[in-house]
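Student: Compact mmCIF, C-alpha atoms, file final_3.txt:
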```txt
# COMPACT_ATOMS: atom_id res chain seq x y z
CA MET P 1 0.00 0.00 0.00
CA GLY P 2 3.06 2.27 0.08
CA VAL P 3 3.61 5.22 2.37
CA SER P 4 0.88 7.81 2.54
CA GLN P 5 1.83 11.45 2.00
CA LEU P 6 -1.36 12.69 3.67
CA GLN P 7 -0.98 15.25 6.43
CA PRO P 8 -3.38 15.98 9.27
CA TRP P 9 -5.04 19.35 9.65
CA GLN P 10 -3.70 21.69 12.31
CA LEU P 11 -6.07 22.92 15.02
CA LEU P 12 -5.36 26.63 15.52
CA GLU P 13 -8.24 27.55 17.82
CA SER P 14 -11.20 25.88 19.54
CA THR P 15 -14.15 27.82 20.94
CA SER P 16 -17.04 26.27 22.85
CA VAL P 17 -20.19 27.54 21.09
CA PHE P 18 -22.96 25.39 22.64
CA GLN P 19 -23.24 23.40 25.87
CA ALA P 20 -25.93 21.19 27.35
CA LEU P 21 -23.66 19.71 30.00
CA PRO P 22 -22.90 17.02 30.93
CA TRP P 23 -24.28 15.56 27.70
CA ILE P 24 -23.43 17.80 24.74
CA GLN P 25 -20.75 20.32 23.89
CA VAL P 26 -20.17 21.88 20.46
CA PHE P 27 -16.90 23.57 19.53
CA ARG P 28 -16.06 25.78 16.56
CA HIS P 29 -12.58 25.01 15.25
CA THR P 30 -10.21 27.18 13.27
CA LEU P 31 -8.08 24.83 11.19
CA GLN P 32 -5.14 25.06 8.82
CA LEU P 33 -5.20 22.63 5.91
CA PRO P 34 -1.98 21.04 4.57
CA ASP P 35 -2.10 23.36 1.51
CA GLY P 36 -2.08 26.41 3.81
CA ARG P 37 -5.78 27.32 3.53
CA LYS P 38 -7.53 28.31 6.76
CA VAL P 39 -11.04 27.17 7.67
CA ASP P 40 -12.68 29.02 10.55
CA ASP P 41 -16.11 27.39 10.77
CA TYR P 42 -15.51 23.65 11.16
CA HIS P 43 -17.31 22.14 14.15
CA SER P 44 -16.60 19.36 16.60
CA ILE P 45 -19.34 17.78 18.72
CA ASP P 46 -18.58 16.03 22.02
CA LEU P 47 -21.25 13.54 23.08
CA GLY P 48 -19.01 11.65 25.50
CA ILE P 49 -17.86 8.06 25.50
CA HIS P 50 -20.13 5.06 25.71
CA VAL P 51 -20.09 1.30 25.67
CA CYS P 52 -22.18 -1.17 23.66
CA ILE P 53 -22.25 -4.86 24.57
CA CYS P 54 -23.04 -7.93 22.46
CA ALA P 55 -23.62 -10.53 25.20
CA PHE P 56 -24.36 -14.19 24.59
CA THR P 57 -26.06 -16.56 27.02
CA GLN P 58 -24.56 -19.98 27.65
CA GLU P 59 -27.02 -21.26 25.00
CA GLY P 60 -25.67 -18.73 22.46
CA ARG P 61 -28.68 -16.40 22.51
CA ILE P 62 -28.02 -12.68 22.16
CA LEU P 63 -29.27 -10.25 24.82
CA MET P 64 -31.24 -7.59 22.91
CA LEU P 65 -33.30 -4.76 24.37
CA ARG P 66 -36.55 -3.47 22.97
CA HIS P 67 -36.97 0.16 24.01
CA TYR P 68 -37.99 3.60 22.87
CA ARG P 69 -34.94 5.53 21.66
CA HIS P 70 -35.57 9.23 21.17
CA GLY P 71 -32.74 9.48 18.65
CA CYS P 72 -34.49 6.86 16.53
CA GLY P 73 -37.96 8.34 16.99
CA GLY P 74 -39.59 5.08 18.01
CA VAL P 75 -39.52 1.74 19.79
CA CYS P 76 -36.74 -0.42 18.39
CA LEU P 77 -34.25 -3.20 19.16
CA GLY P 78 -30.67 -2.56 20.24
CA LEU P 79 -27.81 -3.97 22.25
CA PRO P 80 -27.29 -2.90 25.88
CA ALA P 81 -25.37 0.38 25.89
CA GLY P 82 -24.71 3.42 28.00
CA ALA P 83 -22.39 6.24 28.96
CA ILE P 84 -19.06 5.64 30.67
CA HIS P 85 -18.97 7.50 33.98
CA PRO P 86 -16.12 9.98 34.56
CA GLY P 87 -12.97 8.01 35.36
CA GLU P 88 -14.64 4.63 34.91
CA PRO P 89 -12.67 2.04 32.89
CA PRO P 90 -14.61 1.04 29.74
CA LEU P 91 -14.78 -2.67 30.69
CA GLN P 92 -16.20 -1.81 34.11
CA ALA P 93 -18.79 0.45 32.44
CA ALA P 94 -19.75 -2.37 30.07
CA GLN P 95 -20.18 -4.84 32.94
CA ARG P 96 -22.23 -2.27 34.92
CA GLU P 97 -24.47 -1.40 31.97
CA LEU P 98 -25.12 -5.06 31.12
CA LEU P 99 -26.12 -5.73 34.73
CA GLU P 100 -28.25 -2.58 35.08
CA GLU P 101 -30.08 -2.97 31.78
CA THR P 102 -30.54 -6.76 31.68
CA GLY P 103 -29.82 -8.21 35.15
CA TYR P 104 -27.18 -10.45 33.54
CA ALA P 105 -23.48 -10.87 34.35
CA ALA P 106 -20.86 -12.66 32.25
CA PRO P 107 -17.51 -14.29 33.09
CA SER P 108 -15.81 -13.71 29.74
CA TRP P 109 -15.30 -10.32 28.08
CA THR P 110 -13.57 -9.24 24.85
CA LEU P 111 -12.99 -5.68 23.60
CA LEU P 112 -14.07 -5.61 19.94
CA GLY P 113 -12.70 -2.13 19.30
CA CYS P 114 -13.29 1.56 19.88
CA PHE P 115 -14.99 3.53 17.11
CA ARG P 116 -15.92 7.12 16.34
CA GLU P 117 -19.53 8.06 15.59
CA HIS P 118 -19.06 10.74 12.90
CA GLY P 119 -16.22 11.38 10.46
CA ASN P 120 -16.67 15.15 10.32
CA TYR P 121 -17.78 16.10 13.82
CA GLY P 122 -16.62 13.21 16.02
CA CYS P 123 -19.76 12.91 18.18
CA GLY P 124 -18.09 10.64 20.73
CA ASP P 125 -16.60 7.19 20.93
CA ALA P 126 -18.19 3.78 21.29
CA HIS P 127 -16.24 1.00 23.02
CA LEU P 128 -17.74 -2.24 21.69
CA PHE P 129 -17.58 -5.41 23.78
CA ARG P 130 -18.46 -9.06 23.42
CA ALA P 131 -19.48 -10.98 26.56
CA ASP P 132 -19.87 -14.76 26.70
CA GLY P 133 -21.60 -17.09 29.13
CA ALA P 134 -24.05 -14.45 30.41
CA VAL P 135 -26.37 -15.62 33.19
CA PRO P 136 -29.16 -13.81 35.08
CA VAL P 137 -28.03 -12.65 38.52
CA GLY P 138 -30.72 -10.12 39.46
CA GLU P 139 -33.44 -7.80 38.27
CA PRO P 140 -32.64 -5.07 35.73
CA ASP P 141 -32.57 -1.56 37.19
CA SER P 142 -31.20 0.80 34.58
CA GLY P 143 -32.25 4.12 36.08
CA ASP P 144 -32.76 5.27 32.47
CA LEU P 145 -35.79 7.25 31.37
CA GLU P 146 -36.60 4.52 28.87
CA GLU P 147 -38.64 1.45 29.77
CA MET P 148 -37.09 -1.64 28.22
CA GLU P 149 -37.86 -5.29 27.57
CA LEU P 150 -35.12 -7.93 27.38
CA GLU P 151 -35.32 -10.39 24.48
CA LEU P 152 -33.01 -13.41 24.15
CA MET P 153 -32.69 -13.79 20.40
CA THR P 154 -30.98 -16.25 18.08
CA ALA P 155 -28.60 -14.89 15.44
CA SER P 156 -31.22 -15.75 12.83
CA GLU P 157 -33.87 -13.73 14.69
CA VAL P 158 -31.46 -10.78 14.94
CA ALA P 159 -30.76 -10.93 11.19
CA GLN P 160 -34.50 -11.07 10.49
CA ALA P 161 -35.18 -8.06 12.77
CA LEU P 162 -32.38 -6.14 11.05
CA ARG P 163 -33.84 -6.84 7.61
CA ALA P 164 -37.23 -5.67 8.92
CA GLY P 165 -35.75 -2.32 9.97
CA GLN P 166 -36.19 -2.96 13.71
CA ILE P 167 -32.46 -2.46 14.49
CA PRO P 168 -31.80 1.13 13.39
CA LEU P 169 -28.52 2.01 15.12
CA LEU P 170 -25.07 1.90 13.47
CA GLY P 171 -23.37 1.02 16.78
CA THR P 172 -25.52 -2.05 17.34
CA VAL P 173 -24.95 -3.23 13.75
CA ALA P 174 -21.17 -2.79 14.09
CA ALA P 175 -21.01 -4.56 17.48
CA LEU P 176 -23.09 -7.51 16.27
CA ALA P 177 -20.88 -7.90 13.20
CA LEU P 178 -17.62 -7.67 15.15
CA ALA P 179 -18.98 -10.23 17.62
CA GLN P 180 -19.35 -12.52 14.59
CA VAL P 181 -23.15 -12.62 14.56
CA ASP P 182 -24.15 -13.38 10.96
CA ILE P 183 -26.29 -10.25 10.50
CA THR P 184 -26.85 -10.97 6.82
CA GLY P 185 -27.94 -14.58 7.47
CA MET F 1 -41.36 -12.52 21.14
CA GLY F 2 -44.92 -11.52 22.07
CA VAL F 3 -46.45 -8.10 21.72
CA SER F 4 -44.52 -5.20 23.20
CA GLN F 5 -46.34 -2.84 25.57
CA LEU F 6 -43.74 -0.11 25.11
CA GLN F 7 -45.01 3.33 24.19
CA PRO F 8 -43.12 6.10 22.40
CA TRP F 9 -42.46 9.42 24.08
CA GLN F 10 -44.60 12.39 23.05
CA LEU F 11 -42.86 15.47 21.65
CA LEU F 12 -44.56 18.51 23.22
CA GLU F 13 -42.22 21.26 22.04
CA SER F 14 -39.09 21.65 19.93
CA THR F 15 -36.86 24.75 20.06
CA SER F 16 -33.83 25.33 17.85
CA VAL F 17 -31.01 26.20 20.26
CA PHE F 18 -27.89 26.08 18.01
CA GLN F 19 -27.36 26.36 14.27
CA ALA F 20 -24.32 26.11 12.03
CA LEU F 21 -26.32 25.80 8.83
CA PRO F 22 -26.43 23.96 6.53
CA TRP F 23 -24.44 21.41 8.52
CA ILE F 24 -25.60 21.34 12.13
CA GLN F 25 -28.78 22.15 14.00
CA VAL F 26 -29.47 21.35 17.67
CA PHE F 27 -32.98 21.32 19.12
CA ARG F 28 -34.14 21.23 22.73
CA HIS F 29 -37.17 18.99 23.12
CA THR F 30 -39.85 18.99 25.78
CA LEU F 31 -41.12 15.43 26.05
CA GLN F 32 -43.80 13.54 27.90
CA LEU F 33 -42.86 10.03 29.00
CA PRO F 34 -45.42 7.17 28.98
CA ASP F 35 -45.69 7.39 32.81
CA GLY F 36 -46.70 11.06 32.57
CA ARG F 37 -43.37 12.61 33.61
CA LYS F 38 -42.21 15.62 31.61
CA VAL F 39 -38.58 16.13 30.50
CA ASP F 40 -37.75 19.62 29.24
CA ASP F 41 -34.04 19.34 28.43
CA TYR F 42 -33.66 16.44 26.02
CA HIS F 43 -31.78 17.34 22.85
CA SER F 44 -31.92 16.30 19.23
CA ILE F 45 -29.05 16.94 16.82
CA ASP F 46 -29.58 17.16 13.04
CA LEU F 47 -26.44 16.47 11.01
CA GLY F 48 -28.30 15.70 7.78
CA ILE F 49 -28.45 12.54 5.72
CA HIS F 50 -25.48 10.88 4.10
CA VAL F 51 -24.52 7.85 2.07
CA CYS F 52 -21.70 5.35 2.57
CA ILE F 53 -20.71 2.93 -0.21
CA CYS F 54 -18.99 -0.44 -0.08
CA ALA F 55 -17.96 -0.85 -3.72
CA PHE F 56 -16.23 -3.92 -5.17
CA THR F 57 -14.17 -4.01 -8.35
CA GLN F 58 -14.75 -6.78 -10.87
CA GLU F 59 -11.84 -8.59 -9.16
CA GLY F 60 -13.57 -8.33 -5.76
CA ARG F 61 -11.33 -5.65 -4.29
CA ILE F 62 -12.92 -3.06 -2.02
CA LEU F 63 -12.57 0.66 -2.80
CA MET F 64 -11.23 2.24 0.40
CA LEU F 65 -10.12 5.84 0.90
CA ARG F 66 -7.22 6.96 3.02
CA HIS F 67 -7.87 10.51 4.18
CA TYR F 68 -7.72 12.88 7.11
CA ARG F 69 -11.06 12.96 8.91
CA HIS F 70 -11.37 15.78 11.40
CA GLY F 71 -13.97 13.85 13.40
CA CYS F 72 -11.41 11.07 13.88
CA GLY F 73 -8.51 13.42 14.59
CA GLY F 74 -6.16 11.83 12.09
CA VAL F 75 -5.48 10.13 8.77
CA CYS F 76 -7.48 6.90 8.53
CA LEU F 77 -9.20 4.47 6.16
CA GLY F 78 -12.88 4.62 5.34
CA LEU F 79 -15.43 3.85 2.66
CA PRO F 80 -16.49 6.55 0.19
CA ALA F 81 -19.23 8.64 1.81
CA GLY F 82 -20.83 12.03 1.66
CA ALA F 83 -23.88 14.18 2.22
CA ILE F 84 -27.07 13.76 0.21
CA HIS F 85 -27.93 17.02 -1.55
CA PRO F 86 -31.36 18.54 -0.89
CA GLY F 87 -33.95 16.61 -2.91
CA GLU F 88 -31.40 14.10 -4.22
CA PRO F 89 -32.45 10.42 -4.14
CA PRO F 90 -30.04 8.41 -1.91
CA LEU F 91 -28.98 6.03 -4.71
CA GLN F 92 -28.12 8.97 -6.98
CA ALA F 93 -26.10 10.55 -4.14
CA ALA F 94 -24.23 7.25 -3.63
CA GLN F 95 -23.40 6.98 -7.34
CA ARG F 96 -22.28 10.64 -7.41
CA GLU F 97 -20.10 10.32 -4.29
CA LEU F 98 -18.44 7.12 -5.54
CA LEU F 99 -17.61 8.83 -8.85
CA GLU F 100 -16.43 12.09 -7.23
CA GLU F 101 -14.29 10.45 -4.56
CA THR F 102 -12.84 7.51 -6.52
CA GLY F 103 -13.43 8.08 -10.26
CA TYR F 104 -15.24 4.72 -10.36
CA ALA F 105 -18.75 3.84 -11.55
CA ALA F 106 -20.61 0.58 -10.98
CA PRO F 107 -23.47 -1.14 -12.87
CA SER F 108 -24.99 -2.97 -9.89
CA TRP F 109 -26.23 -1.33 -6.68
CA THR F 110 -27.93 -2.69 -3.54
CA LEU F 111 -29.33 -0.70 -0.60
CA LEU F 112 -28.02 -2.37 2.58
CA GLY F 113 -30.21 -0.32 4.90
CA CYS F 114 -30.67 3.09 6.48
CA PHE F 115 -29.32 3.58 10.00
CA ARG F 116 -29.31 6.27 12.70
CA GLU F 117 -26.03 7.56 14.12
CA HIS F 118 -26.98 8.08 17.78
CA GLY F 119 -29.69 6.49 19.95
CA ASN F 120 -30.24 9.54 22.15
CA TYR F 121 -29.71 12.50 19.84
CA GLY F 122 -30.23 11.10 16.35
CA CYS F 123 -27.31 12.90 14.62
CA GLY F 124 -28.54 12.04 11.13
CA ASP F 125 -29.06 9.01 8.94
CA ALA F 126 -26.65 6.91 6.91
CA HIS F 127 -27.93 5.15 3.81
CA LEU F 128 -25.52 2.25 3.26
CA PHE F 129 -25.00 0.82 -0.23
CA ARG F 130 -23.16 -2.04 -1.86
CA ALA F 131 -21.92 -1.57 -5.44
CA ASP F 132 -20.55 -4.39 -7.61
CA GLY F 133 -18.47 -4.45 -10.75
CA ALA F 134 -16.93 -1.00 -10.19
CA VAL F 135 -14.62 0.21 -12.96
CA PRO F 136 -12.57 3.41 -13.31
CA VAL F 137 -14.24 5.93 -15.63
CA GLY F 138 -12.40 9.16 -14.82
CA GLU F 139 -10.31 11.07 -12.34
CA PRO F 140 -11.58 11.63 -8.79
CA ASP F 141 -12.72 15.20 -8.10
CA SER F 142 -14.44 15.27 -4.73
CA GLY F 143 -14.45 19.00 -4.08
CA ASP F 144 -13.96 18.07 -0.40
CA LEU F 145 -11.48 19.84 1.84
CA GLU F 146 -9.78 16.52 2.49
CA GLU F 147 -7.07 15.13 0.24
CA MET F 148 -7.61 11.42 -0.29
CA GLU F 149 -5.86 8.37 -1.70
CA LEU F 150 -7.78 5.45 -3.20
CA GLU F 151 -6.69 1.97 -2.12
CA LEU F 152 -8.08 -1.22 -3.67
CA MET F 153 -8.00 -3.66 -0.78
CA THR F 154 -8.79 -7.33 -0.34
CA ALA F 155 -11.22 -8.34 2.41
CA SER F 156 -8.28 -9.76 4.33
CA GLU F 157 -6.40 -6.43 4.10
CA VAL F 158 -9.52 -4.60 5.30
CA ALA F 159 -9.85 -6.95 8.29
CA GLN F 160 -6.17 -6.45 9.12
CA ALA F 161 -6.49 -2.63 8.91
CA LEU F 162 -9.56 -2.80 11.15
CA ARG F 163 -7.70 -4.84 13.77
CA ALA F 164 -4.85 -2.31 13.58
CA GLY F 165 -7.24 0.55 14.43
CA GLN F 166 -6.95 2.19 11.00
CA ILE F 167 -10.73 2.02 10.31
CA PRO F 168 -12.23 4.11 13.13
CA LEU F 169 -15.77 4.88 11.90
CA LEU F 170 -18.90 2.97 12.94
CA GLY F 171 -20.58 3.64 9.58
CA THR F 172 -17.74 2.07 7.60
CA VAL F 173 -17.68 -0.98 9.90
CA ALA F 174 -21.46 -1.44 9.56
CA ALA F 175 -21.43 -1.03 5.76
CA LEU F 176 -18.53 -3.48 5.31
CA ALA F 177 -20.31 -6.07 7.49
CA LEU F 178 -23.67 -5.68 5.72
CA ALA F 179 -21.87 -6.00 2.37
CA GLN F 180 -20.67 -9.38 3.67
CA VAL F 181 -17.00 -8.47 3.95
CA ASP F 182 -15.53 -10.77 6.62
CA ILE F 183 -14.28 -7.97 8.88
CA THR F 184 -13.24 -10.43 11.59
CA GLY F 185 -11.27 -12.63 9.15
```
Translate the structure of the given file into structure tokens.
Tutor:
Amino acid sequence: MGVSQLQPWQLLESTSVFQALPWIQVFRHTLQLPDGRKVDDYHSIDLGIHVCICAFTQEGRILMLRHYRHGCGGVCLGLPAGAIHPGEPPLQAAQRELLEETGYAAPSWTLLGCFREHGNYGCGDAHLFRADGAVPVGEPDSGDLEEMELELMTASEVAQALRAGQIPLLGTVAALALAQVDITG
Amino acid sequence: MGVSQLQPWQLLESTSVFQALPWIQVFRHTLQLPDGRKVDDYHSIDLGIHVCICAFTQEGRILMLRHYRHGCGGVCLGLPAGAIHPGEPPLQAAQRELLEETGYAAPSWTLLGCFREHGNYGCGDAHLFRADGAVPVGEPDSGDLEEMELELMTASEVAQALRAGQIPLLGTVAALALAQVDITG
């Protein structure tokens, strides 16, 4: 693939232009491009860091949540997910969110990767995890505004729900695929 | 799976609280939850609609771009992608972006699905496409601020780059997986 000659942009100035803390902060960036041009109205959006977990039961079923997501405008299916608390290690956040949202715990965890939401504006990072051998250890108690229903689905049921448009989030699709669920099956 | 009893939230009021048009608009929503509670500081972020294309050459190589993405904070690999123009059908936008960014055109197109960026705030939609039989028909001319280099990669090279952290965007991961590239190979 050879050696790339591409250069990063230089950040000259960053100004906070909108805040709805602790959830949202928008910055206006002044940037210098590699060819010397300046751009003074590029934005960066900070929506924090979150985790998303593809957990399998001992029987190989996938823990999916059915819930209203305001960003999706309706009731839909998604993987357990949530914000990482300040200073909390991502794995600990993933284990906490799985327990809070489903009542399940798992002995075996794998980091699938950390990915950015938006190529232009950032919009936060998603740490994607796989958990194996999940078993129920208590009642869910998410503390979230959303009511949610846990569904233990086969890979084939997940693929069918995806085709039917019931799984609308990029993060869930990416985590399922990286956890080797055959989402096109 | 039974019949879900989950209800959507009701949008009572929407106020535009930040604009960087035509790219970004943030709204503050007043919402009523199914249990009657009101929430008056939930936000919705509109970053528009875009396309992302997983295109294969006649030899089965995947058209990847190496470019600086400000949202990712560095030079990285991603699929061709871009904003849908006002009134433009998504397929036409995908064909235009592939041509502009790579100089390739393809005879066979499949819509892989339309997905939301963020479960809480929305952040726009990504229409993901697969294109087959792509052939070079001209020189790339994206008009974007970013310089970019086209790389024709095998699925195995894509999987290796992903493991090495060179493919940082959720949308690219989801589109590759839905186009049946073995990203864990």
Student: Taking into account all atoms listed in the file, which residue in the set P:Leu12, P:Leu98, P:Ala81, P:Val173 is nearest to Arg69 of chain P?
Tutor: P:Ala81
Student: Should the cut-off be 7 Å, what would the residue list for chain F against chain P look like, counting only C-alpha atoms, as an MDAnalysis selection string?
Tutor: chainID F and resid 6 8 18 44 67:72 74:75 115:122 168:171 173:174 177:178 184
Student: Determine, counting all atoms listed in the file, every residue of protein, DNA or RNA that lies within 9 Å of (-20.6, 14.3, -1.0) in the file coordinates, then give the result as a list in words.
Tutor: His50, Val51, Pro80, Ala81, Gly82, Ala83, Ile84, His85, Ala93, Ala94, Arg96, Glu97, Leu98, Glu100, Glu101, Ser142, Gly143 and Asp144 of chain F
Student: Quote the spacing between atom CA of Pro86 of chain F and atom CA of Gly48 of chain F in Å to one decimal place.
Tutor: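 According to the coordinates, atom CA of Pro86 of chain F and atom CA of Gly48 of chain F are separated by 9.6 Å.
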Student: Around (-30.3, -13.1, 35.2), as given in the file, which residues come within 6 Å? Count all atoms listed in the file and list them as a PyMOL selection string.
Tutor: chain P and resi 103-104+135-138
Student: Can I get the selection written as a compact mmCIF listing (two decimals), keeping the file's coordinate frame, with C-alpha atoms?
Tutor:
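Saved the output as result.txt:
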```txt
# COMPACT_ATOMS: atom_id res chain seq x y z
CA GLY P 103 -29.82 -8.21 35.15
CA TYR P 104 -27.18 -10.45 33.54
CA VAL P 135 -26.37 -15.62 33.19
CA PRO P 136 -29.16 -13.81 35.08
CA VAL P 137 -28.03 -12.65 38.52
CA GLY P 138 -30.72 -10.12 39.46
```
Student: Could you check the closest approach to Met64 of chain P for each of P:Leu128, P:Thr102, P:Pro89, P:Gly133 and tell me which residue wins, using only C-alpha atoms?
Tutor: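 Looking only at the distances to Met64 of chain P, the closest residue turns out to be P:Thr102.
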Student: What is the distance between atom CA of Arg61 of chain P and atom CA of Gln160 of chain P, in Å to one decimal?
Tutor: 14.4 Å
Student: Compare P:Leu111, P:Ala131, P:Leu77, P:Ala161 by their minimum atom-to-atom distance to Cys54 of chain P, counting only C-alpha atoms, and give me the closest one.
Tutor: P:Ala131
Student: Have a look at P:Asp46, P:Glu88, P:Asp141, P:Asp132 and name the one nearest to Ser16 of chain P; count all atoms listed in the file.
Tutor: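 Smallest separation from Ser16 of chain P among the options: P:Asp46.
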Student: Just how far from atom CA of Glu13 of chain P is atom CA of Phe27 of chain P, in Å to one decimal?
Tutor: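 Computing the Euclidean distance for atom CA of Phe27 of chain P and atom CA of Glu13 of chain P yields 9.7 Å.
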Student: For each of F:Gln25, F:Gln32, F:Thr154, F:Gln166, take the minimum atom-to-atom distance to Ala55 of chain F, counting only C-alpha atoms, then give the residue where this is smallest.
Tutor: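 When distances to Ala55 of chain F are compared using only C-alpha atoms, the smallest one comes from F:Thr154.
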Student: Of the candidates P:Val158, P:Lys38, P:Ser14, P:Pro107, which one gets nearest to Arg130 of chain P if we count all atoms listed in the file?
Tutor: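 Ranking P:Val158, P:Lys38, P:Ser14, P:Pro107 by distance to Arg130 of chain P, first place goes to P:Pro107.
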